[in-house]
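Read through the structure below, which is laid out as structure tokens, and then see the notes.
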Amino acid sequence: MSILCRKCAMMAVDMNSDIYDDLAIEQIAKSKFGMQIDIDTVIARAIPVGRSAKATVFLTTKKLLLVYIDGQIRLNLADIKKIITRMGLVAEQFMPPKGQPTYFDDIAKQKFKAVFPSRHAPTSQDLVYYRTLAPYQPALVQILEVKAGVINQYDTDAKDSWRVNVKFAYRRIRTS
């Protein structure tokens with residue numbers, strides 16, 4: 001077998017695994033988040049966003065930019081917010097688990113009650129911090145814009161631990 005044929009065979013295997021990865025993300029979005037999505041283009045596939053967390057940035061057929069984050073460590077909403085910011089992205093919506101549209105508020109109320117058992121009816125301002133403590137793994141985030149036209153990835157050798165992975169311009173324009 002020639003070297004060219006081996007390269008073609010390896011590329012075919014990579015393309016198949018990419019297709020399976022895309023299908024897996026579509027299935028997770030449906031089963032865990034209740035979202036029916038069709039991946040159109042993957043912008044960045046399985047890039048490191050922490051010591052043991054990876055993210056996939058993709059466009060759907062409806063031109064929504066989404067980020068799927070998963071890892072071997074426990075992540076909460078605060079971790080995901082920090083990761084999204086350091087990637088150079090602006091989050092529009094953090095998708096709650098399927099069938100739990102008030103998931104982050106429910107967890108925040110539980111955590112608040114554990115700290116302040118005698119306080120009843122906490123306000124939304126009281127819950128701001130406690131929302132960030134909600135476990136959130138895997139995470140699916142809808143992106144509003146890519147700041148500075150680049151998506152960053154975690155890199156321990158870089159000066160500030162983050163470096164450019166890909167250049168990509170995106171800004172979602174809301175319509176009525």
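As shown in the structure tokens, the chain order sets the letters A, B, ...; within each chain, residues go from 1, and ligands are also counted from 1 in the order they appear.
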Where in chain A does DSSP assign strand (DSSP E or B), given as a CSV table (one decimal) with N, CA and C atoms, in the first residue's frame?
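Written file, selection.csv:
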chain,number,residue,atom,x,y,z
A,39,ILE,N,-26.0,19.8,13.5
A,39,ILE,CA,-24.7,20.4,13.4
A,39,ILE,C,-24.4,20.6,11.9
A,40,ASP,N,-24.1,21.9,11.5
A,40,ASP,CA,-23.8,22.2,10.1
A,40,ASP,C,-22.3,22.3,10.0
A,41,THR,N,-21.6,23.0,10.8
A,41,THR,CA,-20.1,23.2,10.7
A,41,THR,C,-19.5,23.2,12.1
A,42,VAL,N,-18.5,22.4,12.3
A,42,VAL,CA,-17.7,22.4,13.5
A,42,VAL,C,-16.6,23.4,13.4
A,43,ILE,N,-16.5,24.4,14.2
A,43,ILE,CA,-15.5,25.5,14.2
A,43,ILE,C,-14.3,25.0,14.9
A,44,ALA,N,-14.4,24.4,16.1
A,44,ALA,CA,-13.3,23.9,16.8
A,44,ALA,C,-13.8,22.6,17.5
A,45,ARG,N,-13.0,21.6,17.3
A,45,ARG,CA,-13.5,20.2,17.8
A,45,ARG,C,-12.6,19.8,19.0
A,46,ALA,N,-13.2,19.5,20.1
A,46,ALA,CA,-12.6,19.0,21.3
A,46,ALA,C,-11.3,19.7,21.7
A,47,ILE,N,-11.4,21.0,21.8
A,47,ILE,CA,-10.3,21.8,22.2
A,47,ILE,C,-10.2,21.8,23.7
A,48,PRO,N,-9.0,21.8,24.3
A,48,PRO,CA,-8.8,21.9,25.7
A,48,PRO,C,-9.3,23.2,26.2
A,49,VAL,N,-10.1,23.2,27.3
A,49,VAL,CA,-10.5,24.5,28.0
A,49,VAL,C,-10.2,24.4,29.5
A,50,GLY,N,-9.4,23.5,29.8
A,50,GLY,CA,-9.0,23.3,31.2
A,50,GLY,C,-8.1,22.1,31.3
A,53,ALA,N,-10.9,19.3,30.7
A,53,ALA,CA,-12.2,19.6,30.1
A,53,ALA,C,-11.9,20.0,28.7
A,54,LYS,N,-12.9,19.6,27.8
A,54,LYS,CA,-12.8,19.9,26.4
A,54,LYS,C,-14.1,20.6,25.9
A,55,ALA,N,-14.0,21.4,24.9
A,55,ALA,CA,-15.1,22.1,24.3
A,55,ALA,C,-15.1,21.9,22.8
A,56,THR,N,-16.3,21.8,22.3
A,56,THR,CA,-16.6,21.8,20.8
A,56,THR,C,-17.5,22.9,20.5
A,57,VAL,N,-17.0,23.8,19.5
A,57,VAL,CA,-17.7,25.0,19.1
A,57,VAL,C,-18.3,24.7,17.7
A,58,PHE,N,-19.6,24.8,17.5
A,58,PHE,CA,-20.2,24.5,16.2
A,58,PHE,C,-21.3,25.4,15.9
A,59,LEU,N,-21.6,25.5,14.6
A,59,LEU,CA,-22.8,26.2,14.1
A,59,LEU,C,-23.8,25.1,13.7
A,60,THR,N,-25.1,25.5,14.0
A,60,THR,CA,-26.2,24.6,13.6
A,60,THR,C,-26.7,25.0,12.2
A,65,LEU,N,-24.6,29.6,17.1
A,65,LEU,CA,-23.3,29.2,17.5
A,65,LEU,C,-23.5,28.6,18.9
A,66,LEU,N,-23.1,27.3,19.1
A,66,LEU,CA,-23.2,26.7,20.4
A,66,LEU,C,-21.8,26.1,20.8
A,67,VAL,N,-21.7,26.0,22.1
A,67,VAL,CA,-20.5,25.4,22.6
A,67,VAL,C,-20.9,24.3,23.6
A,68,TYR,N,-20.3,23.1,23.3
A,68,TYR,CA,-20.6,21.9,24.2
A,68,TYR,C,-19.3,21.7,25.0
A,69,ILE,N,-19.4,21.7,26.3
A,69,ILE,CA,-18.3,21.5,27.2
A,69,ILE,C,-18.5,20.3,28.1
A,70,ASP,N,-17.5,19.4,28.2
A,70,ASP,CA,-17.6,18.3,29.0
A,70,ASP,C,-16.2,18.0,29.5
A,71,GLY,N,-16.1,17.3,30.6
A,71,GLY,CA,-14.8,17.0,31.2
A,71,GLY,C,-14.9,15.9,32.2
A,76,ASN,N,-19.3,23.5,37.5
A,76,ASN,CA,-20.5,24.2,37.9
A,76,ASN,C,-20.7,25.4,37.0
A,89,LEU,N,-15.6,34.4,24.1
A,89,LEU,CA,-17.0,34.3,23.7
A,89,LEU,C,-17.9,35.1,24.6
A,90,VAL,N,-19.0,35.5,24.1
A,90,VAL,CA,-20.1,36.1,25.0
A,90,VAL,C,-21.3,35.2,25.0
A,91,ALA,N,-21.7,34.7,26.1
A,91,ALA,CA,-22.8,33.7,26.2
A,91,ALA,C,-24.1,34.5,26.1
A,92,GLU,N,-25.0,33.9,25.4
A,92,GLU,CA,-26.4,34.4,25.4
A,92,GLU,C,-27.3,33.6,26.3
A,93,GLN,N,-27.1,32.3,26.3
A,93,GLN,CA,-28.0,31.5,27.2
A,93,GLN,C,-27.3,30.2,27.5
A,94,PHE,N,-27.4,29.8,28.8
A,94,PHE,CA,-26.9,28.6,29.3
A,94,PHE,C,-28.1,27.6,29.3
A,135,PRO,N,-24.4,22.5,39.7
A,135,PRO,CA,-23.6,21.6,38.9
A,135,PRO,C,-24.0,21.7,37.5
A,139,ALA,N,-22.2,20.8,29.6
A,139,ALA,CA,-22.8,22.1,29.4
A,139,ALA,C,-23.0,22.4,27.9
A,140,LEU,N,-24.1,23.1,27.7
A,140,LEU,CA,-24.4,23.5,26.3
A,140,LEU,C,-24.8,25.0,26.4
A,141,VAL,N,-24.0,25.8,25.7
A,141,VAL,CA,-24.1,27.3,25.8
A,141,VAL,C,-24.4,27.9,24.4
A,142,GLN,N,-25.4,28.7,24.3
A,142,GLN,CA,-25.6,29.4,23.1
A,142,GLN,C,-24.8,30.7,23.1
A,143,ILE,N,-24.1,31.0,22.1
A,143,ILE,CA,-23.2,32.2,22.0
A,143,ILE,C,-23.8,33.3,21.3
A,144,LEU,N,-23.6,34.5,21.9
A,144,LEU,CA,-24.1,35.8,21.2
A,144,LEU,C,-23.1,36.3,20.3
A,145,GLU,N,-21.8,36.3,20.7
A,145,GLU,CA,-20.7,36.8,19.8
A,145,GLU,C,-19.4,36.3,20.1
A,146,VAL,N,-18.5,36.3,19.2
A,146,VAL,CA,-17.1,36.0,19.4
A,146,VAL,C,-16.3,37.3,19.5
A,150,VAL,N,-11.6,35.8,17.5
A,150,VAL,CA,-10.8,34.5,17.8
A,150,VAL,C,-11.4,33.7,18.9
A,151,ILE,N,-11.2,32.4,18.8
A,151,ILE,CA,-11.7,31.5,19.8
A,151,ILE,C,-10.4,30.9,20.4
A,152,ASN,N,-10.2,31.0,21.7
A,152,ASN,CA,-9.0,30.6,22.4
A,152,ASN,C,-9.2,29.2,23.0
A,153,GLN,N,-8.0,28.6,23.3
A,153,GLN,CA,-8.0,27.3,23.9
A,153,GLN,C,-7.0,27.4,25.1
A,154,TYR,N,-7.2,26.5,26.0
A,154,TYR,CA,-6.3,26.4,27.2
A,154,TYR,C,-4.9,25.8,26.7
A,162,TRP,N,-3.8,30.7,27.9
A,162,TRP,CA,-4.7,30.6,26.8
A,162,TRP,C,-4.1,31.1,25.5
A,163,ARG,N,-4.3,30.5,24.4
A,163,ARG,CA,-3.8,30.9,23.1
A,163,ARG,C,-4.9,30.7,22.1
A,164,VAL,N,-4.7,31.4,20.9
A,164,VAL,CA,-5.7,31.4,19.9
A,164,VAL,C,-5.7,30.0,19.3
A,165,ASN,N,-6.9,29.5,19.1
A,165,ASN,CA,-7.1,28.2,18.4
A,165,ASN,C,-7.6,28.4,17.0
A,166,VAL,N,-8.5,29.3,16.8
A,166,VAL,CA,-9.1,29.5,15.4
A,166,VAL,C,-9.6,30.9,15.4
A,167,LYS,N,-9.5,31.5,14.2
A,167,LYS,CA,-10.1,32.8,13.9
A,167,LYS,C,-11.4,32.6,13.4
A,171,ARG,N,-21.5,37.3,15.2
A,171,ARG,CA,-22.3,38.1,16.1
A,171,ARG,C,-23.7,37.8,15.7
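Of note, atom CA of A:Tyr129 and atom CA of A:Phe33 are spaced 23.0 Å apart.
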- prompt: Could you pull the residues within 9 Å of A:Phe104, counting only C-alpha atoms, minus those fewer than 5 positions along the same chain, as a ChimeraX atom specification?
  reply: /A:77,96,109,130-135
task: Using backbone DSSP assignments, extract all alpha helix (DSSP H) residues from stretch 3-162 of chain A; output them as JSON, numbers by chain.
output: {"A": [3, 4, 5, 6, 7, 8, 9, 10, 11, 12, 13, 14, 15, 16, 17, 18, 19, 20, 21, 22, 23, 24, 25, 26, 27, 28, 29, 30, 31, 32, 33, 77, 78, 79, 80, 81, 82, 83, 84, 85, 86, 103, 104, 105, 106, 107, 108, 109, 110, 111, 112, 113, 114, 115, 124, 125, 126, 127, 128, 129, 130, 131]}
Include C-alpha atoms and write out the residues we just selected as a PDB file, in the first residue's frame.
ATOM      1  CA  ILE A   3       1.905   6.257   1.444  1.00  0.00           C
ATOM      2  CA  LEU A   4      -0.814   8.209  -0.360  1.00  0.00           C
ATOM      3  CA  CYS A   5      -3.330   5.386   0.145  1.00  0.00           C
ATOM      4  CA  ARG A   6      -2.457   5.205   3.853  1.00  0.00           C
ATOM      5  CA  LYS A   7      -3.030   8.945   4.208  1.00  0.00           C
ATOM      6  CA  CYS A   8      -6.393   8.627   2.444  1.00  0.00           C
ATOM      7  CA  ALA A   9      -7.372   5.731   4.709  1.00  0.00           C
ATOM      8  CA  MET A  10      -6.375   7.694   7.815  1.00  0.00           C
ATOM      9  CA  MET A  11      -8.349  10.724   6.623  1.00  0.00           C
ATOM     10  CA  ALA A  12     -11.409   8.534   6.042  1.00  0.00           C
ATOM     11  CA  VAL A  13     -11.125   7.150   9.590  1.00  0.00           C
ATOM     12  CA  ASP A  14     -10.797  10.697  10.978  1.00  0.00           C
ATOM     13  CA  MET A  15     -13.836  11.846   8.981  1.00  0.00           C
ATOM     14  CA  ASN A  16     -15.868   8.904  10.277  1.00  0.00           C
ATOM     15  CA  SER A  17     -14.904   9.607  13.888  1.00  0.00           C
ATOM     16  CA  ASP A  18     -15.775  13.294  13.352  1.00  0.00           C
ATOM     17  CA  ILE A  19     -19.206  12.311  12.050  1.00  0.00           C
ATOM     18  CA  TYR A  20     -19.726  10.042  15.071  1.00  0.00           C
ATOM     19  CA  ASP A  21     -18.640  12.863  17.398  1.00  0.00           C
ATOM     20  CA  ASP A  22     -21.155  15.200  15.743  1.00  0.00           C
ATOM     21  CA  LEU A  23     -23.933  12.629  16.062  1.00  0.00           C
ATOM     22  CA  ALA A  24     -23.033  12.060  19.711  1.00  0.00           C
ATOM     23  CA  ILE A  25     -23.281  15.791  20.447  1.00  0.00           C
ATOM     24  CA  GLU A  26     -26.636  15.977  18.644  1.00  0.00           C
ATOM     25  CA  GLN A  27     -27.919  13.030  20.731  1.00  0.00           C
ATOM     26  CA  ILE A  28     -26.646  14.550  24.001  1.00  0.00           C
ATOM     27  CA  ALA A  29     -28.298  17.872  23.124  1.00  0.00           C
ATOM     28  CA  LYS A  30     -31.578  16.054  22.573  1.00  0.00           C
ATOM     29  CA  SER A  31     -31.443  13.711  25.564  1.00  0.00           C
ATOM     30  CA  LYS A  32     -29.859  15.969  28.216  1.00  0.00           C
ATOM     31  CA  PHE A  33     -30.991  19.439  27.107  1.00  0.00           C
ATOM     32  CA  LEU A  77     -22.103  27.218  36.225  1.00  0.00           C
ATOM     33  CA  ALA A  78     -19.333  29.537  37.504  1.00  0.00           C
ATOM     34  CA  ASP A  79     -16.686  27.321  35.893  1.00  0.00           C
ATOM     35  CA  ILE A  80     -18.561  27.298  32.584  1.00  0.00           C
ATOM     36  CA  LYS A  81     -18.986  31.089  32.652  1.00  0.00           C
ATOM     37  CA  LYS A  82     -15.258  31.519  33.269  1.00  0.00           C
ATOM     38  CA  ILE A  83     -14.366  29.082  30.478  1.00  0.00           C
ATOM     39  CA  ILE A  84     -16.679  30.840  28.001  1.00  0.00           C
ATOM     40  CA  THR A  85     -15.174  34.232  28.859  1.00  0.00           C
ATOM     41  CA  ARG A  86     -11.589  32.990  28.556  1.00  0.00           C
ATOM     42  CA  TYR A 103     -32.856  24.369  37.076  1.00  0.00           C
ATOM     43  CA  PHE A 104     -30.347  27.092  38.003  1.00  0.00           C
ATOM     44  CA  ASP A 105     -32.883  28.961  40.161  1.00  0.00           C
ATOM     45  CA  ASP A 106     -34.013  25.757  41.903  1.00  0.00           C
ATOM     46  CA  ILE A 107     -30.436  24.824  42.814  1.00  0.00           C
ATOM     47  CA  ALA A 108     -29.752  28.405  43.924  1.00  0.00           C
ATOM     48  CA  LYS A 109     -32.777  28.334  46.245  1.00  0.00           C
ATOM     49  CA  GLN A 110     -31.655  25.017  47.764  1.00  0.00           C
ATOM     50  CA  LYS A 111     -28.135  26.322  48.379  1.00  0.00           C
ATOM     51  CA  PHE A 112     -29.479  29.602  49.767  1.00  0.00           C
ATOM     52  CA  LYS A 113     -31.814  27.763  52.176  1.00  0.00           C
ATOM     53  CA  ALA A 114     -28.897  25.612  53.362  1.00  0.00           C
ATOM     54  CA  VAL A 115     -26.925  28.740  54.281  1.00  0.00           C
ATOM     55  CA  SER A 124     -33.316  37.210  42.614  1.00  0.00           C
ATOM     56  CA  GLN A 125     -30.456  39.393  43.894  1.00  0.00           C
ATOM     57  CA  ASP A 126     -30.009  37.011  46.828  1.00  0.00           C
ATOM     58  CA  LEU A 127     -29.672  34.081  44.425  1.00  0.00           C
ATOM     59  CA  VAL A 128     -27.134  35.545  41.975  1.00  0.00           C
ATOM     60  CA  TYR A 129     -24.117  33.933  43.651  1.00  0.00           C
ATOM     61  CA  TYR A 130     -25.893  30.672  44.497  1.00  0.00           C
ATOM     62  CA  ARG A 131     -26.911  30.181  40.838  1.00  0.00           C
TER      63      ARG A 131
END
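Relative to atom CA of A:Ser52, atom CA of A:Gln72 is found at 5.8 Å.
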field: Separation of atom CA of A:Gln137 from atom CA of A:Arg174 in Å
entry: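 These two atoms are separated by 27.9 Å.
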- prompt: Counting only C-alpha atoms, which of A:Met35, A:Ile73, A:Leu64, A:Ala148 gets nearest to A:Pro97?
  reply: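 Closest to A:Pro97 of all the choices is A:Met35.
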